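What follows is run-v8.pdb (PDB, C-alpha atoms).
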```pdb
ATOM      1  CA  MET A   1       9.901   5.860 -24.432
ATOM      2  CA  PRO A   2       7.948   4.477 -21.424
ATOM      3  CA  ARG A   3       4.162   4.553 -21.674
ATOM      4  CA  PHE A   4       4.073   6.106 -18.162
ATOM      5  CA  ARG A   5       6.625   8.395 -16.541
ATOM      6  CA  ALA A   6       5.529   7.717 -12.960
ATOM      7  CA  VAL A   7       4.148   4.655 -11.170
ATOM      8  CA  ILE A   8       2.329   4.843  -7.834
ATOM      9  CA  LEU A   9       2.421   1.498  -6.016
ATOM     10  CA  ASP A  10       0.275   0.233  -3.167
ATOM     11  CA  ALA A  11       2.094  -1.942  -0.612
ATOM     12  CA  ASP A  12      -0.187  -4.436   1.140
ATOM     13  CA  SER A  13      -1.437  -7.219  -1.164
ATOM     14  CA  THR A  14       0.368  -5.507  -4.047
ATOM     15  CA  LEU A  15       4.094  -5.173  -3.381
ATOM     16  CA  SER A  16       3.864  -7.774  -0.629
ATOM     17  CA  GLY A  17       1.472 -10.631  -0.086
ATOM     18  CA  LEU A  18       0.053  -9.620   3.250
ATOM     19  CA  GLU A  19      -2.045  -6.980   4.960
ATOM     20  CA  GLY A  20       0.254  -5.601   7.640
ATOM     21  CA  ILE A  21      -2.419  -4.630  10.148
ATOM     22  CA  ASP A  22      -4.035  -8.038   9.822
ATOM     23  CA  TRP A  23      -0.649  -9.677  10.454
ATOM     24  CA  LEU A  24      -0.278  -7.591  13.615
ATOM     25  CA  ALA A  25      -3.790  -8.587  14.667
ATOM     26  CA  GLY A  26      -2.770 -12.219  14.286
ATOM     27  CA  GLN A  27      -0.301 -11.708  17.107
ATOM     28  CA  ARG A  28      -3.277 -11.070  19.396
ATOM     29  CA  GLY A  29      -5.071 -14.337  18.768
ATOM     30  CA  PRO A  30      -7.752 -15.667  16.418
ATOM     31  CA  ASP A  31     -10.633 -13.481  17.604
ATOM     32  CA  VAL A  32      -8.746 -10.226  17.076
ATOM     33  CA  ALA A  33      -7.343 -11.537  13.776
ATOM     34  CA  ALA A  34     -10.818 -12.379  12.467
ATOM     35  CA  ALA A  35     -12.204  -8.981  13.479
ATOM     36  CA  SER A  36      -9.309  -7.147  11.819
ATOM     37  CA  GLU A  37      -9.510  -9.171   8.605
ATOM     38  CA  ALA A  38     -13.247  -8.531   8.316
ATOM     39  CA  ALA A  39     -12.718  -4.789   8.810
ATOM     40  CA  THR A  40      -9.893  -4.719   6.242
ATOM     41  CA  ARG A  41     -12.019  -6.587   3.709
ATOM     42  CA  ARG A  42     -14.893  -4.134   4.085
ATOM     43  CA  ALA A  43     -12.582  -1.144   3.669
ATOM     44  CA  MET A  44     -10.755  -2.587   0.619
ATOM     45  CA  ASP A  45     -14.033  -3.561  -1.036
ATOM     46  CA  GLY A  46     -15.259  -0.008  -0.481
ATOM     47  CA  SER A  47     -18.279  -1.000   1.605
ATOM     48  CA  VAL A  48     -17.182   1.123   4.591
ATOM     49  CA  PRO A  49     -14.927   4.209   4.783
ATOM     50  CA  LEU A  50     -11.313   3.444   5.717
ATOM     51  CA  GLU A  51     -11.401   5.912   8.599
ATOM     52  CA  ALA A  52     -14.260   3.928  10.140
ATOM     53  CA  VAL A  53     -11.944   0.981  10.758
ATOM     54  CA  TYR A  54      -8.348   2.269  10.824
ATOM     55  CA  ALA A  55      -8.087   3.737  14.319
ATOM     56  CA  GLN A  56     -10.403   1.025  15.608
ATOM     57  CA  ARG A  57      -8.016  -1.699  14.437
ATOM     58  CA  LEU A  58      -4.965   0.026  15.924
ATOM     59  CA  ALA A  59      -6.707   0.509  19.273
ATOM     60  CA  MET A  60      -7.719  -3.144  19.281
ATOM     61  CA  ILE A  61      -4.198  -4.387  18.457
ATOM     62  CA  ARG A  62      -1.876  -1.822  20.083
ATOM     63  CA  PRO A  63       1.212  -3.100  18.257
ATOM     64  CA  THR A  64       4.661  -2.516  19.743
ATOM     65  CA  ARG A  65       7.854  -1.172  18.170
ATOM     66  CA  ALA A  66       9.309  -4.676  18.271
ATOM     67  CA  GLU A  67       6.286  -6.085  16.443
ATOM     68  CA  LEU A  68       6.551  -3.420  13.747
ATOM     69  CA  ALA A  69      10.224  -4.343  13.287
ATOM     70  CA  THR A  70       9.223  -7.978  12.843
ATOM     71  CA  LEU A  71       6.447  -6.974  10.450
ATOM     72  CA  ALA A  72       9.036  -5.119   8.367
ATOM     73  CA  GLU A  73      10.952  -8.385   7.973
ATOM     74  CA  VAL A  74       7.773 -10.243   7.008
ATOM     75  CA  TYR A  75       6.954  -7.640   4.338
ATOM     76  CA  VAL A  76      10.356  -8.248   2.741
ATOM     77  CA  ARG A  77      10.007 -12.041   2.855
ATOM     78  CA  ALA A  78       6.530 -11.848   1.292
ATOM     79  CA  MET A  79       7.433  -9.472  -1.556
ATOM     80  CA  ALA A  80       5.800 -10.230  -4.882
ATOM     81  CA  ASP A  81       7.842 -12.214  -7.377
ATOM     82  CA  GLY A  82       9.491  -9.892  -9.827
ATOM     83  CA  ALA A  83       8.855  -6.714  -7.820
ATOM     84  CA  VAL A  84      12.523  -5.853  -7.320
ATOM     85  CA  ALA A  85      13.405  -6.488 -10.959
ATOM     86  CA  CYS A  86      10.402  -4.473 -12.110
ATOM     87  CA  VAL A  87      11.234  -1.431  -9.995
ATOM     88  CA  ARG A  88      14.862  -1.575 -11.107
ATOM     89  CA  ALA A  89      13.769  -1.677 -14.758
ATOM     90  CA  LEU A  90      11.436   1.264 -14.236
ATOM     91  CA  HIS A  91      14.176   3.287 -12.562
ATOM     92  CA  ALA A  92      16.575   2.421 -15.402
ATOM     93  CA  ALA A  93      14.007   3.838 -17.833
ATOM     94  CA  ASP A  94      13.811   7.037 -15.724
ATOM     95  CA  VAL A  95      10.306   6.224 -14.466
ATOM     96  CA  ARG A  96       9.558   7.739 -11.052
ATOM     97  CA  VAL A  97       8.333   5.091  -8.588
ATOM     98  CA  VAL A  98       6.575   6.024  -5.354
ATOM     99  CA  ILE A  99       4.787   3.968  -2.727
ATOM    100  CA  VAL A 100       1.474   5.344  -1.462
ATOM    101  CA  SER A 101       0.017   3.050   1.166
ATOM    102  CA  GLY A 102      -2.396   2.909   4.057
ATOM    103  CA  GLY A 103       0.132   0.708   5.848
ATOM    104  CA  LEU A 104       2.391   1.748   8.702
ATOM    105  CA  ARG A 105       5.323   3.704   7.282
ATOM    106  CA  GLU A 106       7.884   2.471   9.784
ATOM    107  CA  ALA A 107       7.247  -1.147   8.790
ATOM    108  CA  LEU A 108       7.333  -0.392   5.054
ATOM    109  CA  LEU A 109      10.680   1.408   4.863
ATOM    110  CA  PRO A 110      12.907  -1.725   4.826
ATOM    111  CA  MET A 111      10.878  -3.210   1.954
ATOM    112  CA  ALA A 112      11.160   0.073   0.068
ATOM    113  CA  ALA A 113      14.932  -0.037   0.561
ATOM    114  CA  GLU A 114      15.021  -3.570  -0.893
ATOM    115  CA  LEU A 115      13.137  -2.247  -3.908
ATOM    116  CA  GLY A 116      15.447   0.728  -4.310
ATOM    117  CA  VAL A 117      12.719   3.246  -3.442
ATOM    118  CA  SER A 118      14.004   6.092  -1.269
ATOM    119  CA  ASP A 119      12.409   6.966   2.062
ATOM    120  CA  ARG A 120      11.199  10.281   0.623
ATOM    121  CA  ASP A 121       9.124   8.356  -1.910
ATOM    122  CA  VAL A 122       7.333   6.261   0.730
ATOM    123  CA  HIS A 123       4.032   7.825   1.760
ATOM    124  CA  ALA A 124       2.197   5.876   4.464
ATOM    125  CA  VAL A 125       0.716   6.181   7.953
ATOM    126  CA  SER A 126       2.816   7.421  10.877
ATOM    127  CA  VAL A 127       1.942   6.596  14.480
ATOM    128  CA  ARG A 128       2.867   7.669  18.010
ATOM    129  CA  TYR A 129       4.062   5.387  20.809
ATOM    130  CA  ASP A 130       3.354   5.506  24.524
ATOM    131  CA  ALA A 131       5.973   5.074  27.258
ATOM    132  CA  SER A 132       5.686   1.287  27.080
ATOM    133  CA  GLY A 133       6.558   1.225  23.372
ATOM    134  CA  ALA A 134       3.052   0.392  22.150
ATOM    135  CA  VAL A 135       1.252   2.363  19.452
ATOM    136  CA  ASP A 136      -0.764   5.043  21.191
ATOM    137  CA  ALA A 137      -2.443   6.872  18.293
ATOM    138  CA  LEU A 138      -2.021   8.176  14.792
ATOM    139  CA  ASP A 139       0.648  10.866  14.611
ATOM    140  CA  GLY A 140      -1.631  13.804  13.913
ATOM    141  CA  VAL A 141      -3.794  13.961  10.804
ATOM    142  CA  GLN A 142      -2.964  11.021   8.528
ATOM    143  CA  PRO A 143      -4.704  11.325   5.145
ATOM    144  CA  LEU A 144      -3.726   7.779   4.184
ATOM    145  CA  ALA A 145      -5.797   6.420   7.062
ATOM    146  CA  MET A 146      -8.902   7.957   5.476
ATOM    147  CA  THR A 147     -11.036   7.210   2.429
ATOM    148  CA  GLY A 148     -10.037   9.603  -0.335
ATOM    149  CA  GLY A 149      -6.630  10.162   1.223
ATOM    150  CA  LYS A 150      -4.616   8.591  -1.563
ATOM    151  CA  PRO A 151      -5.651  11.046  -4.295
ATOM    152  CA  LEU A 152      -5.058  13.925  -1.872
ATOM    153  CA  VAL A 153      -1.500  12.725  -1.261
ATOM    154  CA  VAL A 154      -0.810  11.987  -4.933
ATOM    155  CA  ARG A 155      -1.858  15.531  -5.865
ATOM    156  CA  THR A 156       0.905  16.892  -3.606
ATOM    157  CA  LEU A 157       3.698  14.848  -5.176
ATOM    158  CA  ALA A 158       4.153  16.741  -8.459
ATOM    159  CA  LEU A 159       4.833  13.504 -10.311
ATOM    160  CA  PRO A 160       5.810  13.567 -13.981
ATOM    161  CA  GLY A 161       2.988  12.519 -16.274
ATOM    162  CA  PRO A 162       1.454  10.423 -17.494
ATOM    163  CA  ALA A 163       1.206   8.526 -14.187
ATOM    164  CA  LEU A 164      -0.123   5.037 -13.466
ATOM    165  CA  ALA A 165      -1.559   3.968 -10.094
ATOM    166  CA  VAL A 166      -1.371   0.269  -9.184
ATOM    167  CA  GLY A 167      -3.130  -1.502  -6.317
ATOM    168  CA  ASP A 168      -5.579  -4.125  -5.164
ATOM    169  CA  GLY A 169      -8.167  -2.057  -3.255
ATOM    170  CA  MET A 170     -10.807   0.593  -3.763
ATOM    171  CA  THR A 171      -8.578   3.079  -1.947
ATOM    172  CA  ASP A 172      -6.173   2.626  -4.889
ATOM    173  CA  ALA A 173      -8.937   2.914  -7.488
ATOM    174  CA  ASP A 174      -9.809   6.246  -5.840
ATOM    175  CA  ILE A 175      -6.568   7.647  -7.317
ATOM    176  CA  ARG A 176      -7.907   7.257 -10.871
ATOM    177  CA  PRO A 177      -9.287  10.829 -11.242
ATOM    178  CA  VAL A 178      -5.851  12.366 -10.601
ATOM    179  CA  VAL A 179      -3.698  10.063 -12.795
ATOM    180  CA  ALA A 180      -3.696   8.934 -16.405
ATOM    181  CA  ALA A 181      -4.659   5.333 -15.600
ATOM    182  CA  PHE A 182      -5.304   2.829 -12.821
ATOM    183  CA  ALA A 183      -4.255  -0.830 -12.886
ATOM    184  CA  ALA A 184      -5.895  -3.380 -10.590
ATOM    185  CA  PHE A 185      -3.263  -5.746  -9.207
ATOM    186  CA  THR A 186      -4.643  -9.266  -8.820
ATOM    187  CA  GLY A 187      -1.462 -11.182  -8.016
ATOM    188  CA  PHE A 188      -2.532 -11.773  -4.421
ATOM    189  CA  VAL A 189      -6.246 -10.978  -4.254
ATOM    190  CA  LYS A 190      -8.849 -10.173  -6.879
ATOM    191  CA  ARG A 191     -11.623  -7.756  -5.912
ATOM    192  CA  ASP A 192     -14.370  -7.524  -8.516
ATOM    193  CA  ALA A 193     -15.234  -3.899  -7.768
ATOM    194  CA  VAL A 194     -11.581  -2.876  -8.158
ATOM    195  CA  VAL A 195     -11.199  -4.741 -11.445
ATOM    196  CA  ALA A 196     -14.367  -3.075 -12.729
ATOM    197  CA  ALA A 197     -12.881   0.356 -11.938
ATOM    198  CA  ALA A 198      -9.550  -0.348 -13.638
ATOM    199  CA  ASP A 199      -8.093   0.641 -16.984
ATOM    200  CA  HIS A 200      -5.730  -2.346 -16.818
ATOM    201  CA  VAL A 201      -5.611  -5.601 -14.856
ATOM    202  CA  LEU A 202      -2.204  -6.963 -13.859
ATOM    203  CA  ASP A 203      -1.503 -10.333 -12.235
ATOM    204  CA  SER A 204       2.258  -9.886 -11.820
ATOM    205  CA  PHE A 205       5.080  -7.365 -11.741
ATOM    206  CA  ASP A 206       6.382  -8.778 -15.000
ATOM    207  CA  ALA A 207       3.050  -7.667 -16.514
ATOM    208  CA  LEU A 208       3.484  -4.229 -14.924
ATOM    209  CA  ALA A 209       6.944  -3.830 -16.448
ATOM    210  CA  ARG A 210       5.593  -4.794 -19.875
ATOM    211  CA  LEU A 211       2.718  -2.325 -19.572
ATOM    212  CA  VAL A 212       4.888   0.614 -18.540
ATOM    213  CA  LEU A 213       7.897  -0.051 -20.734
ATOM    214  CA  ALA A 214       6.195  -1.306 -23.907
TER
END
```

Using structure tokens, write down the structure from this file.
Amino acid sequence: MPRFRAVILDADSTLSGLEGIDWLAGQRGPDVAAASEAATRRAMDGSVPLEAVYAQRLAMIRPTRAELATLAEVYVRAMADGAVACVRALHAADVRVVIVSGGLREALLPMAAELGVSDRDVHAVSVRYDASGAVDALDGVQPLAMTGGKPLVVRTLALPGPALAVGDGMTDADIRPVVAAFAAFTGFVKRDAVVAAADHVLDSFDALARLVLA
């Protein structure tokens, strides 16, 4: 019997070894890349609210549809070792796996497909495009672009319990009050505040499979 019946996975710096928005910023040159990375770091460390930087970064970058398609390919190439095998093992044990991410949903769907996670189980940020094909704005209210948005979304999912949330940032640790446990993922980046908030610390997807299926 699995220790957890549902697993909620972050995407950036957890399932894949990059921060998607920072990768997009890198297409705009070193100054924009540095500004985006600094904003991401502050949000993931919990020193500023996510909503204070999310729209600002998108407005600064204005990524195009073509760039999001390329980002989707990069996500797949940078997937964590063992992630596919882990998700397959969880599914085989009848564990529900969902992705809850502050990343851009359109760019995450191909990686989810590689993992065997259906589109309906990918919860991320949707955007609108202008006539030129560049991102114009968030597509209405997007809870996952705001601090505290992840627990709000998780509450709506009616996941079987007990549930485990897994991620590298404080936005993931915020899920802890609405799940049975939170695991800090340190396979790509270790954030001291996130580790301090965690029930478990995992450095790989092999470790995640052992935790859930033990």

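Coordinates place atom CA of A:Val117 at a distance of 14.9 Å from atom CA of A:Ala72.
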
- Can you list what the PyMOL selection byres ((chain A and resi 68) around 12) grabs from this structure, as number ranges by chain? A: 20-21, 23-25, 27, 61-67, 69-75, 103-110, 126-127, 129, 133-135

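Picture a line from atom CA of A:Ala92 to atom CA of A:Ser204; it runs 19.2 Å.
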
- Note on the structure: One decimal place gives the atom CA of A:Val100-atom CA of A:Val122 separation as 6.3 Å

- Expected selection from the PyMOL selection byres ((chain A and resi 50) around 9), given as a ChimeraX atom specification: /A:39-40,42-44,46,48-49,51-54,144-148,171
